[in-house]
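What follows is a short report on a single structure.
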Amino acid sequence: MNFDYSQDELDLFHSLETILGKTTEVRPKNLISKLAWTGYATLGENGLAGALPGAQERLAQWKPAAYRTMEYGLRIAATTLRRFGPEAWHATWVTPIQQGKILATAALDQAEGEPDLTGKPHDKGYLINGTKTAIPGAISADVILASGTVEESPALFLFQKETGDVSLTQGATGLYTLTAHETFLPDTQVAILSKKTPLAPFLDLLKNRIQIAEATGHAAALFDQAKTAAKTCPEGGKPPIAKQEIGFKLATMYTLLQTSRLMSANASGLIDANASDAAMASSCARVFCSDAANEIISSALEVMGENGFKKGGPADRLAAIQALRVEGPSVGQTKEAIGNMLLKY
């Protein structure tokens, strides 16, 4: 695969860096509106699909608080609505989501021991019951796209903000759990798919890609902070990077970062190409990039010392990186999935 970026893709990155560097805006809907003109919101439809990993990395690096919600809306909700939803959904939901007029997120994960979302026909619509977990930005979203089943067929459910009989509770990681109890959705907000539709594997790949880029974005931010600190001269002394130990540590960090970028780009390209080994490459990248970010934050704290615990320093990203590692499926569960896939090779 060719990992070189075209001039159009490099121009996109420059535009993103310029906008993100000049704004303090962290509200996802407003950020999407600011970035829409760059082509960021429609990557994959505008001929710049190869730029997606790099663009995601930059957003996760500069605006990690908004990244997850934005990407769940743009790369999961809008993508899934366009691919599997009825034609009427395209103008009603997809375009407004990409323009920042509607903030969307996605509910994909089933709580262990809890029933998944299911729908049963009822009076020109469906009654929905069940639970979804690990939903970013659910409380501020205008619409939540959730996966589930209707009479054993895969289905998509659209919960609008004003939908009744739905509860949202926030967990320790900041993500939300959605619980529906006899919640009525009109048939215009439910899409029932063929039993052969590979909805779950498709959604897993999209979510994996977001997690991979988030880990790489954290790694890039941490490396930049550590490098800057290591090149800063203390009064009357040499910069820390002059010490071989620090130089070696930064070299290892940068090697991990560069490898993460290559694995992220490779997995993203295979997903877009619908390649047979996309799931394997995506899972491997999820494990490596998460482990790399975890190792890089430890090294960054060692290089920066007490400065690493100041506001905006590496310590601020520690909780986010740890939460990313255990978010379902966790890194451990992903490794188990890789082993199961290898049995079939």
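We name chains A, B, ... following the order of the structure tokens; residues begin at 1 in each chain, and ligands are numbered from 1 as shown.
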Write out as an MDAnalysis selection string the set of residues from stretch 70-304 of chain A that DSSP, computed on the backbone, places in strand (DSSP E or B).
chainID A and resid 104:107 109 118:121 125:135 143:150 153:160 166:170 176:186 190:192
Which neighbours of A:Ala200 fall inside 10 Å, counting only C-alpha atoms, when residues of the same chain fewer than 5 positions from it are skipped, and could you give them as a list of chain:residue names?
A:Leu108, A:Ser147, A:Gly148, A:Pro154, A:Leu205
With stretch 217-225 of chain A as the partner and 7 Å as the cut-off, tabulate the residues of stretch 45-151 of chain A that qualify, each row holding the nearest pair of atoms and their distance in Å to one decimal, using only C-alpha atoms, sorted by chain and rising number, as a tab-separated table.
```
residue	atom	partner	partner_atom	distance
A:Glu57	CA	A:Gly217	CA	4.3
A:Arg58	CA	A:Gly217	CA	6.2
A:Ala60	CA	A:Gly217	CA	4.8
A:Gln61	CA	A:Gly217	CA	4.3
```
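The residue set within 10 Å of A:Glu152, counting only C-alpha atoms and dropping same-chain residues fewer than 3 places from it, reads Thr118, Gly119, Gly148, Thr149, Ala155, Ile192, Ser194 and Lys195 of chain A.
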Please list as number ranges by chain every residue within 8 Å of A:Arg286, counting only C-alpha atoms and excluding residues in the same chain fewer than 3 positions away.
A: 208-209, 211-212, 282-283, 289-290, 331, 334
Which residues of stretch 28-108 of chain A have any atom within 12 Å of an atom in stretch 172-187 of chain A when counting only C-alpha atoms, and what is the closest pair of atoms for each, with the distance in Å to one decimal? Order the rows by chain and rising number and write it as CSV.
```
residue,atom,partner,partner_atom,distance
A:Ala65,CA,A:Gly174,CA,10.3
A:Arg68,CA,A:Leu175,CA,10.1
A:Thr69,CA,A:Leu175,CA,10.0
A:Pro86,CA,A:Asp187,CA,11.3
A:Thr105,CA,A:Tyr176,CA,10.9
A:Ala106,CA,A:Leu178,CA,10.7
A:Ala107,CA,A:Leu178,CA,7.9
A:Leu108,CA,A:Leu178,CA,10.4
```
Residues from last step as file, N, CA and C atoms, as an mmCIF file, in the first residue's frame:
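Heads up, here's the output in selection_6.cif:
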```
data_model
loop_
_atom_site.group_PDB
_atom_site.id
_atom_site.type_symbol
_atom_site.label_atom_id
_atom_site.label_comp_id
_atom_site.auth_asym_id
_atom_site.auth_seq_id
_atom_site.Cartn_x
_atom_site.Cartn_y
_atom_site.Cartn_z
ATOM 1 N N ALA A 65 -11.589 15.853 23.548
ATOM 2 C CA ALA A 65 -12.888 15.856 24.215
ATOM 3 C C ALA A 65 -14.038 15.776 23.224
ATOM 4 N N ARG A 68 -14.414 11.891 19.850
ATOM 5 C CA ARG A 68 -15.202 10.655 19.818
ATOM 6 C C ARG A 68 -16.638 10.908 19.358
ATOM 7 N N THR A 69 -17.275 11.931 19.924
ATOM 8 C CA THR A 69 -18.663 12.210 19.537
ATOM 9 C C THR A 69 -18.756 12.583 18.067
ATOM 10 N N PRO A 86 -32.952 3.589 4.428
ATOM 11 C CA PRO A 86 -33.767 3.888 3.248
ATOM 12 C C PRO A 86 -33.373 5.230 2.636
ATOM 13 N N THR A 105 -24.787 10.454 17.290
ATOM 14 C CA THR A 105 -23.834 9.509 17.843
ATOM 15 C C THR A 105 -24.382 8.111 17.591
ATOM 16 N N ALA A 106 -23.628 7.095 18.006
ATOM 17 C CA ALA A 106 -24.030 5.726 17.696
ATOM 18 C C ALA A 106 -23.966 4.860 18.940
ATOM 19 N N ALA A 107 -24.942 3.971 19.072
ATOM 20 C CA ALA A 107 -25.020 3.022 20.186
ATOM 21 C C ALA A 107 -24.846 1.616 19.612
ATOM 22 N N LEU A 108 -23.701 1.016 19.876
ATOM 23 C CA LEU A 108 -23.369 -0.253 19.236
ATOM 24 C C LEU A 108 -23.160 -1.397 20.215
#
```
One-decimal distance in Å that lies between atom CA of A:Leu301 and atom CA of A:Met253
11.9 Å
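Remark: for A:Ala273, the closest of the candidate residues A:Gly44, A:Thr252, A:Leu324, A:Ala215 is A:Gly44 (distances computed over only C-alpha atoms).
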As a PyMOL selection string, please: every residue in stretch 154-218 of chain A that DSSP puts in alpha helix (DSSP H).
chain A and resi 199-218
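With only C-alpha atoms as the basis for measurement, A:Thr188 is the residue among A:Ser260, A:Thr188, A:Thr92, A:Gln110 that approaches A:Tyr126 most closely.
Around stretch 326-329 of chain A, within 9 Å and counting only C-alpha atoms, the residues found are Asp109, Gln110, Ala134, Gln322, Ala323, Gly332, Gln333 and Thr334 of chain A, once anything fewer than 3 positions away on its own chain is removed.
One distance worth recording is that between atom CA of A:Cys233 and atom CA of A:Thr216, which is 28.1 Å.
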Taken to one decimal, the atom CA of A:Trp93-atom CA of A:Lys29 distance is 14.0 Å
Please identify all polymer residues within 10 Å of stretch 7-12 of chain A, counting only C-alpha atoms, omitting same-chain residues fewer than 4 positions from it, and present them as a list in words.
Leu16, Glu17, Thr18, Thr38, Gly39, Tyr40, Gly47, Leu48, Ala49, Gly50, Ala51, Leu52, Gly54 and Ala55 of chain A
Generate a file of the selected residues that holds C-alpha atoms, formatted as a CSV table (one decimal), in the first residue's frame.
```csv
chain,number,residue,atom,x,y,z
A,16,LEU,CA,-7.4,21.2,10.0
A,17,GLU,CA,-4.3,22.2,11.9
A,18,THR,CA,-4.9,25.9,11.2
A,38,THR,CA,-12.4,21.6,4.5
A,39,GLY,CA,-14.0,18.3,3.3
A,40,TYR,CA,-13.3,16.6,6.7
A,47,GLY,CA,-11.9,11.4,-3.2
A,48,LEU,CA,-9.8,11.9,-0.1
A,49,ALA,CA,-10.5,8.6,1.7
A,50,GLY,CA,-6.7,8.0,2.1
A,51,ALA,CA,-6.5,11.1,4.3
A,52,LEU,CA,-8.9,9.8,6.9
A,54,GLY,CA,-4.3,11.4,9.3
A,55,ALA,CA,-7.3,13.7,9.7
```
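Shortest atom-to-atom contact with A:Ala77 among A:Leu103, A:Ala111, A:Leu343, A:Ala278: A:Leu103, counting only C-alpha atoms.
Counting only C-alpha atoms and comparing A:Cys284, A:Leu262, A:Leu43, A:Ala320, the residue that lies closest to A:Tyr67 is A:Ala320.
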Report as a ChimeraX atom specification all protein, DNA and RNA residues lying within 8 Å of A:Gln160, evaluated on only C-alpha atoms, omitting residues in the same chain fewer than 3 positions from it.
/A:142-144,163
